[in-house]
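Peer 1: Structure file upload.cif (mmCIF, C-alpha atoms and all ligand atoms) right here:
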```cif
data_work
loop_
_atom_site.label_atom_id
_atom_site.label_comp_id
_atom_site.auth_asym_id
_atom_site.auth_seq_id
_atom_site.Cartn_x
_atom_site.Cartn_y
_atom_site.Cartn_z
CA MET A 367 -11.39 19.64 -14.26
CA SER A 368 -11.12 16.03 -15.25
CA ASP A 369 -11.54 13.23 -12.76
CA ARG A 370 -8.31 11.90 -11.37
CA THR A 371 -7.27 8.42 -10.31
CA ILE A 372 -4.62 8.59 -7.61
CA ALA A 373 -2.80 5.69 -5.96
CA ILE A 374 -1.35 5.94 -2.44
CA GLY A 375 1.37 3.56 -1.24
CA ASP A 376 1.88 1.74 2.06
CA ILE A 377 0.88 4.03 4.97
CA HIS A 378 1.84 1.83 7.98
CA GLY A 379 0.30 3.90 10.74
CA TYR A 380 1.59 7.32 9.67
CA ARG A 381 -1.61 9.29 9.97
CA ARG A 382 0.14 12.68 9.92
CA SER A 383 1.81 11.91 6.59
CA LEU A 384 -1.46 10.65 5.12
CA SER A 385 -3.38 13.73 6.22
CA ALA A 386 -0.71 16.04 4.80
CA LEU A 387 -0.72 14.19 1.51
CA LEU A 388 -4.51 14.36 1.26
CA ASP A 389 -4.47 18.08 2.05
CA ALA A 390 -2.04 18.58 -0.85
CA ILE A 391 -4.09 16.42 -3.21
CA GLY A 392 -7.41 18.04 -2.30
CA PRO A 393 -9.68 15.09 -3.15
CA ARG A 394 -12.79 15.95 -5.17
CA ALA A 395 -16.02 13.99 -5.27
CA ASN A 396 -15.28 12.58 -8.73
CA ASP A 397 -11.70 11.55 -7.95
CA THR A 398 -10.87 7.90 -7.37
CA ILE A 399 -8.21 7.22 -4.75
CA VAL A 400 -6.83 3.68 -4.61
CA THR A 401 -4.91 2.94 -1.43
CA LEU A 402 -2.59 -0.01 -1.99
CA GLY A 403 -2.87 -1.54 1.50
CA ASP A 404 -0.74 -1.91 4.64
CA TYR A 405 -2.60 0.77 6.56
CA VAL A 406 -1.51 -0.63 9.91
CA ASP A 407 1.58 -1.77 11.84
CA ARG A 408 4.97 -0.25 12.59
CA GLY A 409 3.93 3.43 12.69
CA PRO A 410 2.44 5.28 15.67
CA ASN A 411 -1.22 5.70 14.69
CA SER A 412 -2.75 2.83 12.74
CA ARG A 413 -6.11 3.55 14.27
CA GLY A 414 -5.93 7.16 13.07
CA VAL A 415 -5.06 6.00 9.55
CA ILE A 416 -8.17 3.84 9.34
CA ASP A 417 -10.28 6.68 10.78
CA ARG A 418 -8.90 9.05 8.13
CA LEU A 419 -9.63 6.56 5.33
CA ILE A 420 -13.20 6.09 6.55
CA LEU A 421 -13.55 9.89 6.48
CA LEU A 422 -12.09 9.96 2.97
CA GLN A 423 -14.91 7.70 1.79
CA GLY A 424 -17.17 10.70 2.18
CA GLN A 425 -14.89 12.99 0.15
CA CYS A 426 -14.15 11.00 -3.01
CA ARG A 427 -14.47 7.49 -4.37
CA LEU A 428 -12.10 5.41 -2.24
CA VAL A 429 -10.95 1.97 -3.41
CA PRO A 430 -8.95 0.40 -0.57
CA LEU A 431 -6.89 -2.73 -1.27
CA LEU A 432 -5.93 -5.22 1.45
CA GLY A 433 -2.23 -5.55 2.32
CA ASN A 434 -0.58 -8.44 4.12
CA HIS A 435 -0.43 -6.48 7.40
CA ASP A 436 -4.13 -5.63 7.16
CA GLU A 437 -4.85 -9.28 6.47
CA MET A 438 -3.02 -10.33 9.65
CA MET A 439 -4.94 -7.80 11.74
CA LEU A 440 -8.27 -8.86 10.25
CA SER A 441 -7.54 -12.56 10.82
CA ILE A 442 -6.75 -11.94 14.48
CA CYS A 443 -9.84 -9.78 14.95
CA ARG A 444 -11.84 -12.67 13.50
CA GLY A 445 -10.45 -14.98 16.15
CA LYS A 446 -7.30 -16.50 14.66
CA THR A 447 -5.38 -15.67 17.81
CA GLU A 448 -2.70 -18.27 16.97
CA LEU A 449 -1.36 -15.65 14.51
CA MET A 450 -0.83 -13.14 17.31
CA GLY A 451 2.86 -13.92 17.93
CA ASN A 452 3.60 -13.50 14.24
CA TRP A 453 1.68 -10.24 14.02
CA LEU A 454 3.44 -8.69 17.00
CA VAL A 455 6.81 -9.39 15.40
CA PHE A 456 5.70 -7.63 12.19
CA GLY A 457 4.74 -4.41 13.95
CA GLY A 458 1.31 -5.38 15.23
CA ASP A 459 2.31 -4.31 18.74
CA SER A 460 2.06 -0.64 17.78
CA THR A 461 -1.32 -1.27 16.15
CA LEU A 462 -2.68 -3.11 19.14
CA ALA A 463 -1.49 -0.31 21.43
CA CYS A 464 -3.92 2.04 19.61
CA TYR A 465 -6.83 -0.20 20.50
CA GLY A 466 -6.29 -0.75 24.22
CA LYS A 467 -3.81 -3.60 23.64
CA VAL A 468 -6.45 -6.22 22.83
CA PRO A 469 -8.06 -7.26 19.52
CA GLU A 470 -11.47 -6.86 21.17
CA GLY A 471 -10.70 -3.13 21.33
CA VAL A 472 -10.92 -2.78 17.55
CA PRO A 473 -14.27 -1.15 16.74
CA ARG A 474 -16.72 -2.90 14.43
CA GLU A 475 -16.40 -0.04 11.93
CA HIS A 476 -12.68 -0.67 11.53
CA ILE A 477 -13.16 -4.41 11.01
CA GLU A 478 -15.84 -3.66 8.42
CA PHE A 479 -13.47 -1.28 6.68
CA LEU A 480 -10.82 -4.00 6.41
CA GLU A 481 -13.45 -6.49 5.24
CA SER A 482 -14.44 -4.09 2.46
CA CYS A 483 -10.91 -3.98 1.00
CA ARG A 484 -10.32 -5.75 -2.27
CA ASP A 485 -7.31 -7.55 -3.71
CA TRP A 486 -6.80 -5.60 -6.93
CA TYR A 487 -8.33 -2.92 -9.12
CA GLU A 488 -7.99 -1.88 -12.75
CA THR A 489 -8.52 1.14 -14.94
CA GLU A 490 -8.28 1.44 -18.74
CA GLU A 491 -4.49 1.62 -18.65
CA HIS A 492 -3.41 0.44 -15.21
CA PHE A 493 -3.96 -2.27 -12.64
CA LEU A 494 -3.21 -1.96 -8.95
CA ALA A 495 -2.31 -4.56 -6.33
CA HIS A 496 -0.43 -4.66 -3.04
CA GLY A 497 2.47 -7.02 -3.62
CA ASN A 498 3.10 -8.80 -6.90
CA TYR A 499 1.43 -10.54 -9.88
CA TYR A 500 1.96 -13.17 -12.53
CA SER A 501 2.48 -11.54 -15.92
CA ASN A 502 0.89 -14.40 -17.85
CA LEU A 503 -2.29 -14.89 -15.79
CA PRO A 504 -5.49 -12.85 -16.36
CA LEU A 505 -6.04 -10.24 -13.65
CA ASP A 506 -9.10 -12.00 -12.30
CA SER A 507 -7.17 -15.27 -11.90
CA GLN A 508 -4.24 -14.06 -9.81
CA PRO A 509 -3.76 -15.93 -6.49
CA TRP A 510 -4.50 -13.61 -3.57
CA GLU A 511 -1.50 -14.88 -1.61
CA LEU A 512 0.74 -13.58 -4.37
CA LEU A 513 -1.11 -10.29 -4.73
CA ARG A 514 -0.79 -9.63 -1.01
CA TRP A 515 2.43 -11.25 0.10
CA GLU A 516 5.06 -11.66 -2.58
CA SER A 517 7.84 -9.09 -2.73
CA LEU A 518 9.53 -7.82 -5.89
CA ARG A 519 12.75 -8.88 -4.21
CA GLU A 520 11.62 -12.47 -4.45
CA ARG A 521 10.58 -12.21 -8.08
CA GLN A 522 10.47 -9.28 -10.46
CA PRO A 523 7.64 -9.90 -12.94
CA PHE A 524 7.53 -9.05 -16.63
CA ALA A 525 4.94 -6.72 -18.12
CA HIS A 526 1.41 -8.01 -17.65
CA ARG A 527 -0.15 -9.61 -20.71
CA SER A 528 -3.03 -7.12 -20.61
CA GLY A 529 -0.58 -4.38 -21.59
CA LYS A 530 -1.69 -2.41 -18.53
CA THR A 531 0.88 -0.73 -16.28
CA ALA A 532 1.15 -2.32 -12.81
CA ILE A 533 0.97 -0.01 -9.79
CA ILE A 534 2.06 -1.81 -6.64
CA GLY A 535 3.35 -1.32 -3.10
CA HIS A 536 4.76 -3.69 -0.46
CA THR A 537 8.41 -3.74 -1.58
CA ALA A 538 9.88 -0.78 0.30
CA GLN A 539 12.03 1.46 -1.91
CA LYS A 540 14.62 2.55 0.60
CA ASN A 541 15.88 5.46 -1.47
CA GLY A 542 12.44 7.03 -1.03
CA GLN A 543 11.91 7.13 -4.81
CA VAL A 544 9.23 5.47 -6.89
CA LEU A 545 10.58 2.41 -8.69
CA ASP A 546 9.61 2.94 -12.33
CA LEU A 547 10.22 0.09 -14.76
CA GLY A 548 7.85 1.57 -17.32
CA TYR A 549 5.40 -1.36 -17.21
CA LEU A 550 5.51 -1.44 -13.39
CA LYS A 551 5.68 1.26 -10.75
CA CYS A 552 6.24 0.48 -7.08
CA ILE A 553 5.17 3.35 -4.82
CA ASP A 554 5.98 1.92 -1.38
CA THR A 555 8.64 4.47 -0.50
CA TRP A 556 9.37 3.33 3.07
CA ILE A 557 7.53 5.82 5.25
CA TYR A 558 8.08 3.58 8.30
CA GLY A 559 11.83 3.81 7.76
CA ASP A 560 13.74 6.76 6.42
CA GLY A 561 11.52 7.30 3.41
CA ARG A 562 8.27 8.99 2.50
CA LEU A 563 4.62 8.30 1.76
CA THR A 564 3.85 8.59 -1.95
CA ALA A 565 0.77 9.42 -4.00
CA LEU A 566 0.78 9.00 -7.79
CA GLU A 567 -1.78 10.37 -10.21
CA LEU A 568 -1.99 7.61 -12.78
CA ASP A 569 -2.72 9.49 -16.00
CA SER A 570 -0.37 12.45 -15.53
CA GLY A 571 2.38 10.70 -13.58
CA ARG A 572 2.22 13.49 -11.01
CA ILE A 573 3.77 12.53 -7.67
CA TRP A 574 3.27 13.90 -4.16
CA GLN A 575 5.34 12.77 -1.19
CA ALA A 576 5.02 13.41 2.54
CA ASP A 577 7.56 12.69 5.25
CA LYS A 578 6.85 11.59 8.82
CA GLY A 579 6.52 15.18 9.97
CA GLY A 580 3.87 15.91 7.35
CA ARG A 581 6.08 18.00 5.06
CA VAL A 582 4.89 17.56 1.49
CA SER A 583 6.98 17.78 -1.63
CA GLY A 584 6.03 17.27 -5.21
CA GLY A 585 3.12 17.71 -7.39
CA ARG A 586 5.79 17.14 -10.04
CA GLN A 587 5.73 14.86 -13.06
CA ALA A 588 7.42 11.51 -12.68
CA GLU A 589 10.65 11.01 -14.53
CA GLY A 590 9.72 8.49 -17.20
CA GLY A 591 11.54 5.21 -17.75
CA ARG A 592 14.02 4.89 -14.93
CA ARG A 593 16.69 2.26 -15.21
CA LYS A 594 15.40 -1.27 -15.39
CA GLY A 595 15.92 -3.31 -12.29
CA GLU A 596 16.63 -0.34 -10.08
CA GLY A 597 15.62 -1.04 -6.53
CA GLY A 598 14.01 -4.32 -7.48
CA THR A 599 16.78 -6.54 -6.22
CA GLY A 600 18.19 -4.64 -3.28
CA LYS A 601 20.91 -6.38 -1.33
CA ALA A 602 20.56 -4.72 2.05
CA GLU A 603 17.06 -5.91 2.70
CA GLY A 604 17.26 -9.48 1.50
CA GLY A 605 16.28 -10.74 4.93
CA ARG A 606 13.09 -8.79 5.16
CA GLY A 607 11.45 -10.28 2.12
CA LYS A 608 11.79 -13.66 3.72
CA ALA A 609 10.64 -12.49 7.12
CA GLU A 610 7.59 -10.78 5.70
CA ARG A 611 6.43 -13.79 3.80
CA GLY A 612 3.57 -15.52 5.46
CA ASN A 613 2.40 -18.01 2.87
CA THR A 614 4.16 -20.36 0.57
CA ARG A 615 2.55 -21.93 -2.38
MN MN B 701 3.05 -5.25 2.55
#
```
As structure tokens - that is how I would like this structure written.
Peer 2:
Amino acid sequence: MSDRTIAIGDIHGYRRSLSALLDAIGPRANDTIVTLGDYVDRGPNSRGVIDRLILLQGQCRLVPLLGNHDEMMLSICRGKTELMGNWLVFGGDSTLACYGKVPEGVPREHIEFLESCRDWYETEEHFLAHGNYYSNLPLDSQPWELLRWESLRERQPFAHRSGKTAIIGHTAQKNGQVLDLGYLKCIDTWIYGDGRLTALELDSGRIWQADKGGRVSGGRQAEGGRRKGEGGTGKAEGGRGKAERGNTR
């Protein structure tokens, strides 16, 4: 069997959904799994998610990216306690509760995991990032603030000049479906709300989804070329994009 590259969207503390998804995928040693970030906050078991990802490192090649929520947690664990109020508002309270309610409760191994996360990754035909990108800048010149923090609701980019398809998370698709613009796929399908956790095999377009209870659907091919703009400029969640934004350039 050929080696697969599989992307997994924003997990946000839903360990049960992640485990169910991984059971369905059945990672093999030569597979590459790229997790798009936002492992923590909002859901019930952020600590369990990081534990499961550390375990996954022994089962396949794991490439974890850093999301804006992971960045906040890491900054606070490194002593930037002035960010604490902000973090708690964004769902950090549920994360902290997993670690004895204090940042000092986060084990060294978990901090090292977050420190090992990168900002983006590329394959022959795809590139992967948490939040957004500039279409006209080379991949290695993208500002990290943009990669981690900017929502598609703030700005929907054009196709990247490399010709590679963008695979991103961060902008929750509240219909639970992958946003597919052809040149860009957003696979944050709102597990912390009413949605699901999504995995996408890049070459085949195969999709798996798990709900909060760990029920898995899919293994089906993606429908190609959904309508342009769908889900990219939602009205209902206009406020969240602003609230989530931590940096301005
Ligand atoms: Mn995010």
Peer 1: Would you compute the distance between atom CA of Asp546 of chain A and atom CA of Glu520 of chain A? Give it in Å to one decimal.
Peer 2: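 According to the coordinates, atom CA of Asp546 of chain A and atom CA of Glu520 of chain A are separated by 17.4 Å.
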Peer 1: Name the residues, by chain letter and number, that sit within 12 Å of ligand MN 701 (chain B) using only C-alpha atoms and all ligand atoms, and give them as a PyMOL selection string.
Peer 2: chain A and resi 375-378+402-408+431-438+456-457+495-498+511-518+534-538+552-556+558+606-607+609-612
Peer 1: Can you list, as a list in words, every protein, DNA or RNA residue that comes within 10 Å of segment 469-475 of chain A when you count only C-alpha atoms, leaving out same-chain residues fewer than 5 positions away?
Peer 2: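 Counting only C-alpha atoms, the residues come to Arg413, Ile416, Asp417, Ile420, Met439, Leu440, Ile442, Cys443, Arg444, Gly445, Thr447, Met450, Thr461, Leu462, Ala463, Cys464, Leu480 and Glu481 of chain A.
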Peer 1: Go through A:Gly542, A:Gly379, A:Gly414, A:Gly548 one by one, measure the shortest atom-to-atom distance of each to Trp574 of chain A using all atoms listed in the file, and give the residue with the smallest value.
Peer 2: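 For Trp574 of chain A, the nearest of the given residues is A:Gly542.
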Peer 1: Provide the atom CA of Arg382 of chain A to atom CA of Tyr487 of chain A distance in Å, to one decimal place.
Peer 2: 26.0 Å
Peer 1: Show me, as a ChimeraX atom specification, the residues that have an atom within 10 Å of Leu388 of chain A when counting only C-alpha atoms, minus same-chain residues fewer than 3 positions from it.
Peer 2: /A:374,382-385,391-393,418,422,565,574,576,582
Peer 1: What does the file look like for those residues with C-alpha atoms, as a CSV table (one decimal), keeping the file's coordinate frame?
Peer 2:
```
chain,number,residue,atom,x,y,z
A,374,ILE,CA,-1.4,5.9,-2.4
A,382,ARG,CA,0.1,12.7,9.9
A,383,SER,CA,1.8,11.9,6.6
A,384,LEU,CA,-1.5,10.6,5.1
A,385,SER,CA,-3.4,13.7,6.2
A,391,ILE,CA,-4.1,16.4,-3.2
A,392,GLY,CA,-7.4,18.0,-2.3
A,393,PRO,CA,-9.7,15.1,-3.2
A,418,ARG,CA,-8.9,9.0,8.1
A,422,LEU,CA,-12.1,10.0,3.0
A,565,ALA,CA,0.8,9.4,-4.0
A,574,TRP,CA,3.3,13.9,-4.2
A,576,ALA,CA,5.0,13.4,2.5
A,582,VAL,CA,4.9,17.6,1.5
```
Peer 1: Contacts of segment 521-533 of chain A at 7 Å or less, counting all atoms listed in the file, minus same-chain residues fewer than 3 places along, as a PyMOL selection string?
Peer 2: chain A and resi 491-495+499-502+517-518+549-552+598
Peer 1: Please produce a file of the residues just selected, as an mmCIF file, keeping the file's coordinate frame, where the atoms kept are C-alpha atoms.
Peer 2:
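Done, and the output landed in result38.cif:
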```cif
data_model
loop_
_atom_site.group_PDB
_atom_site.id
_atom_site.type_symbol
_atom_site.label_atom_id
_atom_site.label_comp_id
_atom_site.auth_asym_id
_atom_site.auth_seq_id
_atom_site.Cartn_x
_atom_site.Cartn_y
_atom_site.Cartn_z
ATOM 1 C CA GLU A 491 -4.490 1.620 -18.650
ATOM 2 C CA HIS A 492 -3.410 0.440 -15.210
ATOM 3 C CA PHE A 493 -3.960 -2.270 -12.640
ATOM 4 C CA LEU A 494 -3.210 -1.960 -8.950
ATOM 5 C CA ALA A 495 -2.310 -4.560 -6.330
ATOM 6 C CA TYR A 499 1.430 -10.540 -9.880
ATOM 7 C CA TYR A 500 1.960 -13.170 -12.530
ATOM 8 C CA SER A 501 2.480 -11.540 -15.920
ATOM 9 C CA ASN A 502 0.890 -14.400 -17.850
ATOM 10 C CA SER A 517 7.840 -9.090 -2.730
ATOM 11 C CA LEU A 518 9.530 -7.820 -5.890
ATOM 12 C CA TYR A 549 5.400 -1.360 -17.210
ATOM 13 C CA LEU A 550 5.510 -1.440 -13.390
ATOM 14 C CA LYS A 551 5.680 1.260 -10.750
ATOM 15 C CA CYS A 552 6.240 0.480 -7.080
ATOM 16 C CA GLY A 598 14.010 -4.320 -7.480
#
```
Peer 1: May I ask for the distance between atom CA of Arg572 of chain A and atom CA of Gln543 of chain A, given in Å to one decimal place?
Peer 2: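 Calculated distance between atom CA of Arg572 of chain A and atom CA of Gln543 of chain A is 13.1 Å.
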Peer 1: Edge lengths and centre in Å to one decimal, as AutoDock Vina command-line options, of the axis-aligned box that encloses all listed atoms of segment 476-485 of chain A with 3 Å added on every side?
Peer 2:
```
--center_x -11.6 --center_y -4.1 --center_z 3.9 --size_x 14.5 --size_y 12.9 --size_z 21.2
```
Peer 1: Looking at A:Gln508, A:Ser368, A:Thr564, A:Ser570, which one is nearest to Gln539 of chain A, with distances taken over all atoms listed in the file?
Peer 2: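 For Gln539 of chain A, the nearest of the candidates is A:Thr564.
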